[in-house]
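Enquirer: My structure is stored as run_26.csv, with CSV, C-alpha atoms and all ligand atoms.
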```
chain,number,residue,atom,x,y,z
A,11,MET,CA,0.0,0.0,0.0
A,12,ASN,CA,1.5,3.3,-1.1
A,13,ARG,CA,0.4,6.8,-1.7
A,14,LEU,CA,2.0,8.9,-4.4
A,15,ILE,CA,1.4,12.6,-5.1
A,16,THR,CA,2.5,13.7,-8.5
A,17,ASP,CA,1.9,16.2,-11.3
A,18,ALA,CA,0.4,14.6,-14.3
A,19,ILE,CA,-1.2,15.2,-17.7
A,20,VAL,CA,-4.0,12.9,-18.9
A,21,LEU,CA,-3.0,11.3,-22.2
A,22,ARG,CA,-6.0,9.0,-22.6
A,23,ARG,CA,-9.1,7.8,-20.9
A,24,SER,CA,-11.3,4.7,-21.3
A,25,GLU,CA,-14.5,3.6,-19.7
A,26,TRP,CA,-14.1,1.2,-16.9
A,27,ARG,CA,-17.0,-0.5,-15.2
A,28,ASP,CA,-20.3,1.5,-14.8
A,29,TYR,CA,-19.1,4.7,-13.2
A,30,ASP,CA,-15.3,4.6,-13.5
A,31,ARG,CA,-12.7,5.5,-16.0
A,32,MET,CA,-9.2,4.3,-16.6
A,33,VAL,CA,-6.8,7.1,-17.2
A,34,THR,CA,-3.3,7.0,-18.7
A,35,LEU,CA,-1.2,9.7,-17.0
A,36,LEU,CA,2.1,11.2,-18.1
A,37,THR,CA,4.0,12.1,-15.0
A,38,PRO,CA,7.7,13.2,-14.5
A,39,GLN,CA,8.3,9.7,-13.2
A,40,GLY,CA,6.9,8.0,-16.3
A,41,ARG,CA,3.5,6.6,-17.4
A,42,ILE,CA,0.9,5.6,-14.8
A,43,ASP,CA,-2.4,4.0,-15.5
A,44,ALA,CA,-4.9,4.6,-12.8
A,45,VAL,CA,-8.6,4.1,-12.1
A,46,ALA,CA,-10.7,7.2,-11.4
A,47,ARG,CA,-13.5,5.6,-9.4
A,48,GLY,CA,-17.0,7.1,-9.7
A,49,CYS,CA,-15.8,9.9,-12.0
A,50,ARG,CA,-18.8,9.4,-14.3
A,51,ARG,CA,-21.3,10.0,-11.6
A,52,PRO,CA,-22.9,13.4,-11.6
A,53,ARG,CA,-20.9,16.0,-9.5
A,54,SER,CA,-18.0,13.7,-9.0
A,55,PRO,CA,-14.9,15.6,-7.8
A,56,LEU,CA,-12.9,13.4,-10.1
A,57,LEU,CA,-14.8,14.2,-13.3
A,58,ALA,CA,-12.1,16.6,-14.7
A,59,ALA,CA,-9.4,14.2,-13.5
A,60,ALA,CA,-10.2,11.8,-16.3
A,61,GLU,CA,-10.3,14.3,-19.2
A,62,PRO,CA,-7.6,14.2,-21.9
A,63,PHE,CA,-5.3,17.3,-21.7
A,64,THR,CA,-6.1,17.9,-18.1
A,65,ALA,CA,-3.0,18.8,-16.1
A,66,GLY,CA,-3.0,18.7,-12.3
A,67,GLU,CA,-1.8,17.3,-9.1
A,68,TYR,CA,-2.9,13.7,-8.5
A,69,ALA,CA,-2.9,11.9,-5.2
A,70,LEU,CA,-2.7,8.2,-6.2
A,71,PHE,CA,-3.2,5.1,-4.1
A,72,GLN,CA,-1.3,2.0,-5.1
A,73,GLY,CA,-2.7,-1.3,-3.8
A,74,GLY,CA,-3.7,-4.6,-5.2
A,75,GLY,CA,-1.4,-4.1,-8.2
A,76,ARG,CA,-3.4,-1.0,-9.3
A,77,PHE,CA,-3.3,2.8,-9.0
A,78,THR,CA,-6.4,4.6,-8.0
A,79,VAL,CA,-7.0,8.4,-8.1
A,80,GLU,CA,-7.8,9.5,-4.6
A,81,GLN,CA,-7.7,13.2,-4.9
A,82,PHE,CA,-7.1,15.7,-7.7
A,83,ARG,CA,-6.5,19.4,-8.1
A,84,ALA,CA,-6.5,20.8,-11.6
A,85,THR,CA,-3.7,23.2,-12.6
A,86,ASP,CA,-4.8,23.6,-16.2
A,87,THR,CA,-7.5,22.0,-18.4
A,88,PHE,CA,-6.4,23.9,-21.6
A,89,TYR,CA,-10.1,24.5,-22.1
A,90,PRO,CA,-9.8,26.5,-25.4
A,91,LEU,CA,-8.6,23.4,-27.2
A,92,ARG,CA,-12.0,21.8,-26.7
A,93,GLU,CA,-13.6,24.6,-28.7
A,94,ASP,CA,-11.3,24.6,-31.7
A,95,TYR,CA,-11.3,21.4,-33.7
A,96,GLU,CA,-8.1,22.1,-35.6
A,97,ARG,CA,-6.1,22.8,-32.5
A,98,LEU,CA,-7.7,19.9,-30.7
A,99,THR,CA,-6.5,17.6,-33.5
A,100,HIS,CA,-2.9,18.8,-33.1
A,101,GLY,CA,-3.1,18.4,-29.4
A,102,ALA,CA,-4.5,14.9,-29.7
A,103,TYR,CA,-1.6,14.0,-32.0
A,104,TRP,CA,0.9,15.2,-29.3
A,105,LEU,CA,-0.8,13.1,-26.7
A,106,ARG,CA,-0.4,10.1,-28.9
A,107,LEU,CA,3.3,10.8,-29.5
A,108,ALA,CA,3.8,11.2,-25.7
A,109,GLU,CA,1.9,8.0,-25.0
A,110,MET,CA,4.1,6.1,-27.5
A,111,GLN,CA,7.2,6.9,-25.5
A,112,ALA,CA,6.0,7.0,-21.9
A,113,MET,CA,6.8,3.9,-20.0
A,114,PRO,CA,6.1,3.0,-16.3
A,115,ASP,CA,9.0,3.7,-14.0
A,116,GLN,CA,10.9,5.4,-16.7
A,117,PRO,CA,11.5,9.1,-15.8
A,118,SER,CA,10.2,11.4,-18.4
A,119,GLU,CA,10.7,14.9,-16.9
A,120,GLU,CA,11.7,16.4,-20.3
A,121,LEU,CA,8.7,15.0,-22.2
A,122,PHE,CA,6.4,16.1,-19.4
A,123,ALA,CA,7.8,19.6,-19.4
A,124,LEU,CA,7.6,19.8,-23.2
A,125,LEU,CA,4.0,18.7,-23.4
A,126,LEU,CA,2.9,21.1,-20.6
A,127,ARG,CA,4.7,24.0,-22.3
A,128,ALA,CA,3.5,23.2,-25.8
A,129,LEU,CA,-0.1,22.7,-24.8
A,130,ALA,CA,-0.1,26.1,-23.1
A,131,HIS,CA,1.0,27.7,-26.5
A,132,LEU,CA,-1.6,25.6,-28.4
A,133,ALA,CA,-4.4,26.6,-26.1
A,134,TYR,CA,-3.6,30.3,-25.4
A,135,SER,CA,-1.1,31.7,-27.8
A,136,GLY,CA,-2.9,31.9,-31.2
A,137,LEU,CA,0.4,30.9,-32.9
A,138,ASN,CA,-0.1,28.7,-36.1
A,139,ALA,CA,-0.9,25.1,-35.0
A,140,SER,CA,1.2,23.5,-37.7
A,141,MET,CA,4.2,25.5,-36.6
A,142,LEU,CA,3.6,24.5,-33.0
A,143,THR,CA,3.4,20.9,-34.1
A,144,MET,CA,6.7,21.2,-36.0
A,145,ALA,CA,8.3,22.6,-32.9
A,146,PHE,CA,6.8,19.8,-30.7
A,147,GLU,CA,8.0,17.2,-33.2
A,148,LEU,CA,11.6,18.6,-33.2
A,149,HIS,CA,11.8,18.8,-29.4
A,150,TYR,CA,10.3,15.4,-29.1
A,151,LEU,CA,12.8,13.8,-31.5
A,152,ALA,CA,15.6,15.6,-29.6
A,153,ILE,CA,14.4,14.2,-26.2
A,154,LEU,CA,14.5,10.7,-27.8
A,155,GLY,CA,18.0,11.3,-29.2
A,156,LEU,CA,16.6,11.0,-32.7
A,157,SER,CA,17.2,14.6,-34.0
A,158,PRO,CA,17.8,14.8,-37.8
A,159,VAL,CA,21.4,15.7,-38.7
A,160,MET,CA,21.2,19.2,-40.2
A,161,ASP,CA,24.8,20.5,-40.2
A,162,SER,CA,26.8,17.7,-41.9
A,163,CYS,CA,26.2,15.4,-44.7
A,164,VAL,CA,24.7,12.1,-43.5
A,165,ARG,CA,26.5,10.3,-46.4
A,166,CYS,CA,30.1,11.6,-46.4
A,167,GLY,CA,30.2,13.7,-43.1
A,168,ALA,CA,31.2,16.9,-44.8
A,169,PRO,CA,30.0,20.1,-43.1
A,170,VAL,CA,26.9,21.5,-44.7
A,171,GLU,CA,26.2,25.2,-44.8
A,172,GLY,CA,23.6,27.0,-46.9
A,173,ASN,CA,21.1,25.2,-49.1
A,174,ALA,CA,21.3,21.4,-49.2
A,175,TRP,CA,19.3,18.3,-49.9
A,176,PHE,CA,17.2,16.3,-47.5
A,177,ASP,CA,17.3,12.5,-47.0
A,178,ALA,CA,14.5,11.6,-44.5
A,179,ALA,CA,15.3,7.9,-44.6
A,180,GLY,CA,19.0,8.6,-44.3
A,181,GLY,CA,18.7,10.8,-41.2
A,182,GLY,CA,19.3,14.3,-42.4
A,183,VAL,CA,20.9,16.6,-44.9
A,184,VAL,CA,23.1,15.6,-47.8
A,185,CYS,CA,25.8,17.7,-49.5
A,186,GLU,CA,25.9,18.7,-53.1
A,187,LYS,CA,28.4,16.0,-54.0
A,188,CYS,CA,26.3,13.2,-52.5
A,189,ARG,CA,22.9,14.3,-53.6
A,190,ARG,CA,21.0,12.1,-55.9
A,191,ALA,CA,17.3,12.4,-56.7
A,192,LEU,CA,16.6,14.1,-53.3
A,193,PRO,CA,14.5,17.1,-52.6
A,194,ASP,CA,16.4,20.3,-51.9
A,195,ILE,CA,16.0,22.1,-48.6
A,196,SER,CA,16.5,25.8,-48.2
A,197,ASN,CA,19.1,27.2,-45.9
A,198,GLY,CA,16.3,28.8,-43.8
A,199,ALA,CA,14.4,25.5,-43.4
A,200,ARG,CA,17.6,23.6,-42.6
A,201,ARG,CA,18.5,26.2,-39.9
A,202,ILE,CA,15.0,26.0,-38.3
A,203,MET,CA,15.3,22.2,-38.0
A,204,LEU,CA,18.9,22.6,-36.6
A,205,ARG,CA,18.1,25.3,-34.1
A,206,VAL,CA,14.5,24.7,-32.8
A,207,PRO,CA,15.4,21.7,-30.7
A,208,ARG,CA,18.4,23.6,-29.2
A,209,THR,CA,16.3,26.5,-28.0
A,210,ARG,CA,13.5,26.8,-25.4
A,211,PHE,CA,10.1,25.9,-26.7
A,212,ASP,CA,8.9,29.5,-26.2
A,213,ALA,CA,11.3,30.6,-28.9
A,214,VAL,CA,8.8,29.1,-31.4
A,215,LYS,CA,7.1,32.5,-31.5
A,216,HIS,CA,9.9,33.9,-33.5
A,217,LEU,CA,9.1,31.6,-36.4
A,218,GLU,CA,5.6,33.0,-36.9
A,219,GLY,CA,5.5,34.3,-40.5
A,220,HIS,CA,8.9,32.8,-41.3
A,221,ALA,CA,8.9,32.0,-45.1
A,222,ASP,CA,10.8,28.7,-44.5
A,223,ALA,CA,8.6,27.4,-41.7
A,224,PRO,CA,6.2,25.4,-44.0
A,225,MET,CA,9.1,23.6,-45.7
A,226,ALA,CA,10.7,22.9,-42.3
A,227,ALA,CA,7.4,21.5,-41.1
A,228,ARG,CA,7.0,19.2,-44.1
A,229,PHE,CA,10.5,17.8,-43.8
A,230,THR,CA,10.2,17.4,-40.0
A,231,ARG,CA,7.0,15.4,-40.5
A,232,GLN,CA,8.5,13.2,-43.2
A,233,PHE,CA,11.5,12.6,-40.9
A,234,LEU,CA,9.4,11.8,-37.9
A,235,LEU,CA,7.2,9.3,-39.8
A,236,GLN,CA,10.4,7.6,-41.0
A,237,ARG,CA,11.7,7.3,-37.4
A,238,MET,CA,8.5,6.3,-35.6
A,239,GLU,CA,6.1,3.5,-36.2
A,240,PHE,CA,3.2,5.9,-36.5
A,241,ALA,CA,0.3,5.8,-38.9
A,242,PRO,CA,0.5,8.9,-41.0
A,243,ASN,CA,-3.3,9.3,-41.0
A,244,LEU,CA,-3.1,10.1,-37.3
A,245,ALA,CA,-0.9,13.1,-37.9
A,246,PRO,CA,-2.7,16.4,-38.6
A,247,ASP,CA,-2.4,18.1,-41.9
A,248,ILE,CA,0.3,20.8,-42.2
A,249,VAL,CA,-1.5,24.1,-42.9
A,250,PHE,CA,0.1,27.5,-43.1
A,251,PRO,CA,-1.5,30.7,-44.2
A,252,VAL,CA,-1.3,31.1,-47.9
A,253,GLU,CA,0.8,34.3,-47.8
A,254,MET,CA,3.6,32.4,-46.1
A,255,THR,CA,4.2,29.8,-48.8
A,301,ZN,ZN,28.2,14.3,-48.7
```
Translate the structure described by the file into C-alpha cells.
Expert:
Amino acid sequence: MNRLITDAIVLRRSEWRDYDRMVTLLTPQGRIDAVARGCRRPRSPLLAAAEPFTAGEYALFQGGGRFTVEQFRATDTFYPLREDYERLTHGAYWLRLAEMQAMPDQPSEELFALLLRALAHLAYSGLNASMLTMAFELHYLAILGLSPVMDSCVRCGAPVEGNAWFDAAGGGVVCEKCRRALPDISNGARRIMLRVPRTRFDAVKHLEGHADAPMAARFTRQFLLQRMEFAPNLAPDIVFPVEMT
C-alpha cells in the first residue's frame, strides 16, 4: 500500500465499469495507468481528473497491483482546445506521441515539461498550429535522441552550410556531392530544424510568419514518420496561411 502525489497530464481515458474510468497519465516519473472511481457520476470531484489534456496534481493510491486516483487538483485544463477542432486535432496527436514513449517507472521529466509548455501555447497563444506541431516534433525527437542531422552530410560527413538536400530515410541533410534524386532544402528550413530543438520551446514564437517554416514543417513530419512507427493518417495536416508559402 502506497500513496503517491504527483503532477500529471491525462493522455488517454477509457470507460471502466459502470461509473469509473481508466486514465493514462504522463508524470515526470513516467507513465501511470490509474482508475478514477466514480468519476462518471454526476458531480464527481474526479470528473475533470479523467479528461484528456487535463494537467493537475494527483494523489494516487497503489494497492492490489493497481493505482487509484484518490484526490485531484487541476492546474490547467487547456479548455480553449475543446472549442477549436483544428487545434484539438494537433493536441491529440501530441498526446499520442507522448503515449508512444511514456513507460512505467521510466522518468520522463523532459517529455512532461515539453507537453505542458507546448499545450499552453496551443491553447492560449494563437500561434499557427502546424508551426507549434513542428516545434513539438523537433523537441520530441531531440528528447528521444533522434534529431535529424542538419549541419553535416549524412552520407560523407562533410560540413553542410547554406542550401542542401534532405534525405528523410538517411537521417538528415546531404551535401551537393552526395545528392541524388533528393528534394532540396532551403538554408532557412535547414536552420530551423537545426536550431529549434536547441532552444527553449517558447522561442517558437519567432518563427511565426517565417517564409521557410512550411518547408521545415514538411521535412520534419517526413523525418518523424520515418523514425517512428506511427500511422501517417493520425498526424494532422500541415497548414500555413497562404501568404507564407
Ligand atoms: Zn556528402
Enquirer: What are the closest atom pairs, with distances in Å to one decimal, for all residues of range 73-175 of chain A lying within 12 Å of range 209-222 of chain A? Consider all atoms listed in the file, order rows by chain and residue number, and present the result as a tab-separated table.
Expert:
```
residue	atom	partner	partner_atom	distance
A:Glu120	CA	A:Phe211	CA	11.6
A:Leu121	CA	A:Phe211	CA	11.9
A:Ala123	CA	A:Phe211	CA	9.9
A:Leu124	CA	A:Phe211	CA	7.5
A:Leu125	CA	A:Phe211	CA	10.0
A:Leu126	CA	A:Phe211	CA	10.6
A:Arg127	CA	A:Phe211	CA	7.2
A:Ala128	CA	A:Phe211	CA	7.2
A:Leu129	CA	A:Phe211	CA	10.9
A:Ala130	CA	A:Asp212	CA	10.1
A:His131	CA	A:Asp212	CA	8.1
A:Leu132	CA	A:Val214	CA	11.4
A:Ser135	CA	A:Lys215	CA	9.0
A:Gly136	CA	A:Lys215	CA	10.0
A:Leu137	CA	A:Glu218	CA	6.9
A:Asn138	CA	A:Glu218	CA	7.2
A:Ala139	CA	A:Glu218	CA	10.4
A:Ser140	CA	A:Glu218	CA	10.5
A:Met141	CA	A:Glu218	CA	7.6
A:Leu142	CA	A:Val214	CA	7.1
A:Thr143	CA	A:Val214	CA	10.2
A:Met144	CA	A:Val214	CA	9.4
A:Ala145	CA	A:Val214	CA	6.7
A:Phe146	CA	A:Phe211	CA	8.0
A:Glu147	CA	A:Phe211	CA	11.1
A:Leu148	CA	A:Phe211	CA	9.9
A:His149	CA	A:Phe211	CA	7.8
A:Tyr150	CA	A:Phe211	CA	10.8
A:Ala152	CA	A:Thr209	CA	11.0
A:Asn173	CA	A:Asp222	CA	11.8
```
Enquirer: What are the nearest atom pairs, with distances in Å to one decimal, for all residues of chain A that come at most 7 Å from ligand ZN 301 (chain A), using only C-alpha atoms and all ligand atoms, set out by chain and rising residue number as JSON lines?
Expert:
```
{"residue": "A:Cys163", "atom": "CA", "partner": "A:ZN301", "partner_atom": "ZN", "distance": 4.6}
{"residue": "A:Val164", "atom": "CA", "partner": "A:ZN301", "partner_atom": "ZN", "distance": 6.6}
{"residue": "A:Arg165", "atom": "CA", "partner": "A:ZN301", "partner_atom": "ZN", "distance": 4.9}
{"residue": "A:Cys166", "atom": "CA", "partner": "A:ZN301", "partner_atom": "ZN", "distance": 4.0}
{"residue": "A:Gly167", "atom": "CA", "partner": "A:ZN301", "partner_atom": "ZN", "distance": 6.0}
{"residue": "A:Ala168", "atom": "CA", "partner": "A:ZN301", "partner_atom": "ZN", "distance": 5.6}
{"residue": "A:Val184", "atom": "CA", "partner": "A:ZN301", "partner_atom": "ZN", "distance": 5.3}
{"residue": "A:Cys185", "atom": "CA", "partner": "A:ZN301", "partner_atom": "ZN", "distance": 4.2}
{"residue": "A:Glu186", "atom": "CA", "partner": "A:ZN301", "partner_atom": "ZN", "distance": 6.6}
{"residue": "A:Lys187", "atom": "CA", "partner": "A:ZN301", "partner_atom": "ZN", "distance": 5.6}
{"residue": "A:Cys188", "atom": "CA", "partner": "A:ZN301", "partner_atom": "ZN", "distance": 4.4}
```
Enquirer: Can you tell me how far CA of Gly182 in chain A sits from CA of Ala245 in chain A, in Å to one decimal?
Expert: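 Atom-to-atom, CA of Gly182 in chain A to CA of Ala245 in chain A, that is 20.7 Å.
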Enquirer: Considering only C-alpha atoms, return as a ChimeraX atom specification whatever protein or nucleic-acid residues lie within 9 Å of Met225 in chain A, sequence-local ones (same chain, fewer than 5 positions apart) excluded.
Expert: /A:195-196,199,230,255
Enquirer: Between A:Phe88, A:Trp104, A:Phe250, A:Phe82, which is the closest to Ser54 in chain A once you count only C-alpha atoms?
Expert: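 Answer, going by the shortest atom-to-atom distance: A:Phe82.
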Enquirer: Closest to Thr34 in chain A among A:Leu98, A:Ala191, A:Leu56, A:Met113, using only C-alpha atoms?
Expert: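 Comparing A:Leu98, A:Ala191, A:Leu56, A:Met113 against Thr34 in chain A, the winner is A:Met113.
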Enquirer: CA of Arg13 in chain A and CA of Met32 in chain A are how many Å apart?
Expert: 17.9 Å
Enquirer: Using only C-alpha atoms, which residue out of A:Ser157, A:Glu93, A:Arg231, A:Ala223 lies closest to Arg208 in chain A?
Expert: A:Ser157
Enquirer: Counting only C-alpha atoms, select every polymer residue within 10 Å of (-14.1, 1.9, -13.6) as defined in the file's coordinates, and provide the selection as a ChimeraX atom specification.
Expert: /A:24-33,44-50,78
Enquirer: For the selection just defined, write its residues with C-alpha atoms to a file, as an mmCIF file, keeping the file's coordinate frame.
Expert:
```cif
data_model
loop_
_atom_site.group_PDB
_atom_site.id
_atom_site.type_symbol
_atom_site.label_atom_id
_atom_site.label_comp_id
_atom_site.auth_asym_id
_atom_site.auth_seq_id
_atom_site.Cartn_x
_atom_site.Cartn_y
_atom_site.Cartn_z
ATOM 1 C CA SER A 24 -11.300 4.700 -21.300
ATOM 2 C CA GLU A 25 -14.500 3.600 -19.700
ATOM 3 C CA TRP A 26 -14.100 1.200 -16.900
ATOM 4 C CA ARG A 27 -17.000 -0.500 -15.200
ATOM 5 C CA ASP A 28 -20.300 1.500 -14.800
ATOM 6 C CA TYR A 29 -19.100 4.700 -13.200
ATOM 7 C CA ASP A 30 -15.300 4.600 -13.500
ATOM 8 C CA ARG A 31 -12.700 5.500 -16.000
ATOM 9 C CA MET A 32 -9.200 4.300 -16.600
ATOM 10 C CA VAL A 33 -6.800 7.100 -17.200
ATOM 11 C CA ALA A 44 -4.900 4.600 -12.800
ATOM 12 C CA VAL A 45 -8.600 4.100 -12.100
ATOM 13 C CA ALA A 46 -10.700 7.200 -11.400
ATOM 14 C CA ARG A 47 -13.500 5.600 -9.400
ATOM 15 C CA GLY A 48 -17.000 7.100 -9.700
ATOM 16 C CA CYS A 49 -15.800 9.900 -12.000
ATOM 17 C CA ARG A 50 -18.800 9.400 -14.300
ATOM 18 C CA THR A 78 -6.400 4.600 -8.000
#
```
